[in-house]
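Engineer: The structure follows.
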Amino acid sequence: MSKLKTQSLHKRHSELAESNRQLEILSNGIFQDGELPTFAKKIKESDQFPLRPKKLEILQINLGYMCNQVCEHCHVDAGPDRKEIMTRETMKQCLEVIQNTGAHTLDLTGGAPEMNPDFRWFVDEASKAGIKDFIVRSNLTILRANKKYYDLPQFFKEHNVHVVSSMPHWTRGKTDKQRGDGVFDKSIKALQELNAIGYGMPNSDLRLDLVYNPSGAFLPGDQASMEKDFKKALLEDFDIRFHNLFAITNLPIARFLDYLIASENYEDYMYQLVDAYNPAAVQNVMCTNTISISWDGWLYDCDFNQMLGLKVASKIKHIKDYNEEILNDRNIIISQHCYGCTAGAGSSCQGAVTN
Amino acid sequence: MAANNYYDPADLRKFGNITEWSEELGAKFFDYYGKVFEEGALTAREKSLIALAVAHTEQCPYCIDAYTKDGLQRGVTKQEMMEAIHVGAAIKSGATLVHGVMMMNKVNKLDG
């Protein structure tokens with residue numbers, strides 16, 4: 001078992017810190033020699049090429065790549081050494097868009113979005129737009145990382161924020177292996193605090209959902225069964241409640257790609273993804289209803305394309321020029337990593353995409 | 001075909017091909033197989049652990065590969081997996097040892 005790294009690929013000057021190198025790996029080898037079909041070829045089989053957006057439902061804003069954790073499988077390559085964070089100026093451009101968008105969900109992510117010094121100001125302003133579902137993706141440990149964050153659960157409550165948090169397993173060993181020593185205990189404590197103010201409780205409007213992603217080179221199991229197991233274990237062991245579990249597939253990019261290659265699991269994992277390809281999931285992949293905005297205001301089809309540096313194929317490429325109608329009339333950029341969103345029941349930031 | 005071993009991990013992916021040479025029986029088998037592992041009186045998770053234990057008593061490398069991965073996908077822990085294998089091992093060794101009674105009966109009859 002590899003020891004958890006404490007620095008991002010960027011800090012380590014890994015060749016995989018370069019998105020072009022990742023894209024090269026994803027296009028070469030088994031996909032170049034035809035052993036496995038490319039994603040474009042696969043979706044052509046079911047007449048779903050080119051992939052096109054449907055109605056925009058979700059604006060996902062990445063407030064920065066800085067994070068207090070260095071998780072083994074992070075597709076953002078986030079960590080304490082990443083300094084890219086959104087400025088207030090870009091936030092203001094986002095706010096303009098939020099006030100006029102047809103999207104019903106605003107989804108703040110990172111890194112740890114709470115580490116952006118303007119996070120509270122932004123949440124304050126954005127919540128005034130009255131968007132229906134306002135999500136903050138919290139890694140949980142940040143809520144216990146420093147005194148200045150201790151009141152965040154209350155802040156979330158005051159702004160009726162929907163908290164979505166990562167939790168790789170209901171056992172300490174599997175969680176800490178993926179996310180670092182001590183992460184499990186801190187996460188449990190944070191979940192108990194969220195529960196204490198009403199988050200995740202049955203019939204509570206304060207939504208608390210958990211995200212499960214596998215701790216190794218395998219796909220997530222059935223979301224409903226996993227949710228049942230998580231609920232039972234967390235309730236019995238820690239008296240913790242939550243609403244839904246989102247089972248998310250690890251996409252073969254950034255640190256997860258690095259892990260797959262280093263552990264000699266890359267080819268087998270790609271086979272698993274291709275074997276589990278589900279044409280029905282293609283209909284609902286998140287890039288068809290989401291726009292991802294990076295810390296510096298560039299627009300992407302999804303958070304994964306953002307990390308691969310694949311800006312939208314539209315003349316509107318930056319938040320300052322945002323025009324929803326023009327933007328929605330585009331082809332979605334795809335590569336082999338997209339198989340991660342179409343395996344089995346499909347995968348998105350909202351979990352499975354088919355029943 | 002240049003395999004140096006009787007067992008090739010890549011062959012597991014070709015399991016479905018057995019249907020090509022006997023379509024009706026192959027299809028019936030896979031239909032049955034799929035049904036067996038559906039959620040029933042036992043959960044799919046429990047069935048996966050039984051399959052893992054049997055995979056070991058049968059010493060089938062393909063099945064061990066498949067049901068280890070299946071267990072991980074279902075959130076089964078390594079402690080649970082190892083305990084399941086011990087159950088298989090206990091039955092295997094118990095099955096050997098209980099035949100000792102047969103030996104004892106024979107000795108008693110011939111030389112008692």
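In the structure tokens, each chain is lettered A, B, ... as it comes, each chain's residues begin at 1, and ligands are numbered from 1 in order of appearance.
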Using 7 Å as the limit and counting only C-alpha atoms, can you tabulate each residue of chain A that touches chain B, with its shortest atom-to-atom distance in Å and the two atoms involved, as a tab-separated table?

Structural biologist:
```
residue	atom	partner	partner_atom	distance
A:Phe218	CA	B:Gln73	CA	6.4
A:Leu219	CA	B:Gln73	CA	5.9
A:Pro220	CA	B:Gln73	CA	5.0
A:Gly221	CA	B:Gln73	CA	4.6
A:Met226	CA	B:Arg74	CA	6.7
```

Engineer: Could you list, as JSON, numbers by chain, every residue within 9 Å of Thr57 of chain B, counting only C-alpha atoms and ignoring same-chain residues fewer than 5 positions away?

Structural biologist: {"B": [52, 85, 88, 89, 91, 92]}

Engineer: Please produce an output containing C-alpha atoms for each residue in the selection, written as a JSON list (two decimals), in the first residue's frame.

Structural biologist:
```
[["chain", "number", "residue", "atom", "x", "y", "z"],
["B", 52, "LEU", "CA", -15.94, -15.02, -2.08],
["B", 85, "ILE", "CA", -12.63, -17.02, 3.84],
["B", 88, "GLY", "CA", -14.85, -21.53, 3.92],
["B", 89, "ALA", "CA", -11.59, -22.84, 5.33],
["B", 91, "ILE", "CA", -15.87, -26.04, 6.46],
["B", 92, "LYS", "CA", -13.13, -27.40, 4.18]]
```

Engineer: Of the candidates A:Cys71, A:Met66, A:Cys302, A:Ala313, which one gets nearest to Gly180 of chain A if we count only C-alpha atoms?

Structural biologist: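 Smallest distance to Gly180 of chain A is found for A:Cys71.
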
Engineer: So how far away is atom CA of Tyr212 of chain A from atom CA of Leu245 of chain A, in Å?

Structural biologist: 6.8 Å

Engineer: Using only C-alpha atoms, which residue out of A:Ala126, A:Ala262, A:Ile25, A:Leu51 lies closest to Val282 of chain A?

Structural biologist: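 Of A:Ala126, A:Ala262, A:Ile25, A:Leu51, the one nearest Val282 of chain A, counting only C-alpha atoms, is A:Leu51.
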
Engineer: Nearest to Lys54 of chain A: which of A:Asn331, A:Gln306, A:Ser347, A:Ser165 is it, counting only C-alpha atoms?

Structural biologist: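 With only C-alpha atoms as the atom set, the closest residue is A:Asn331.
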
Engineer: Would you work out the distance separating atom CA of Pro153 of chain A from atom CA of Trp170 of chain A, expressed in Å to one decimal?

Structural biologist: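 It comes out at 21.4 Å.
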
Engineer: When DSSP is applied to the backbone of this structure, which of segment 19-87 of chain A are assigned strand (DSSP E or B)? Write them out as a list in words.

Structural biologist: Ile58, Leu59, Gln60, Ile61, Asn62, Gly64, Met66, Gly79 and Ile85 of chain A
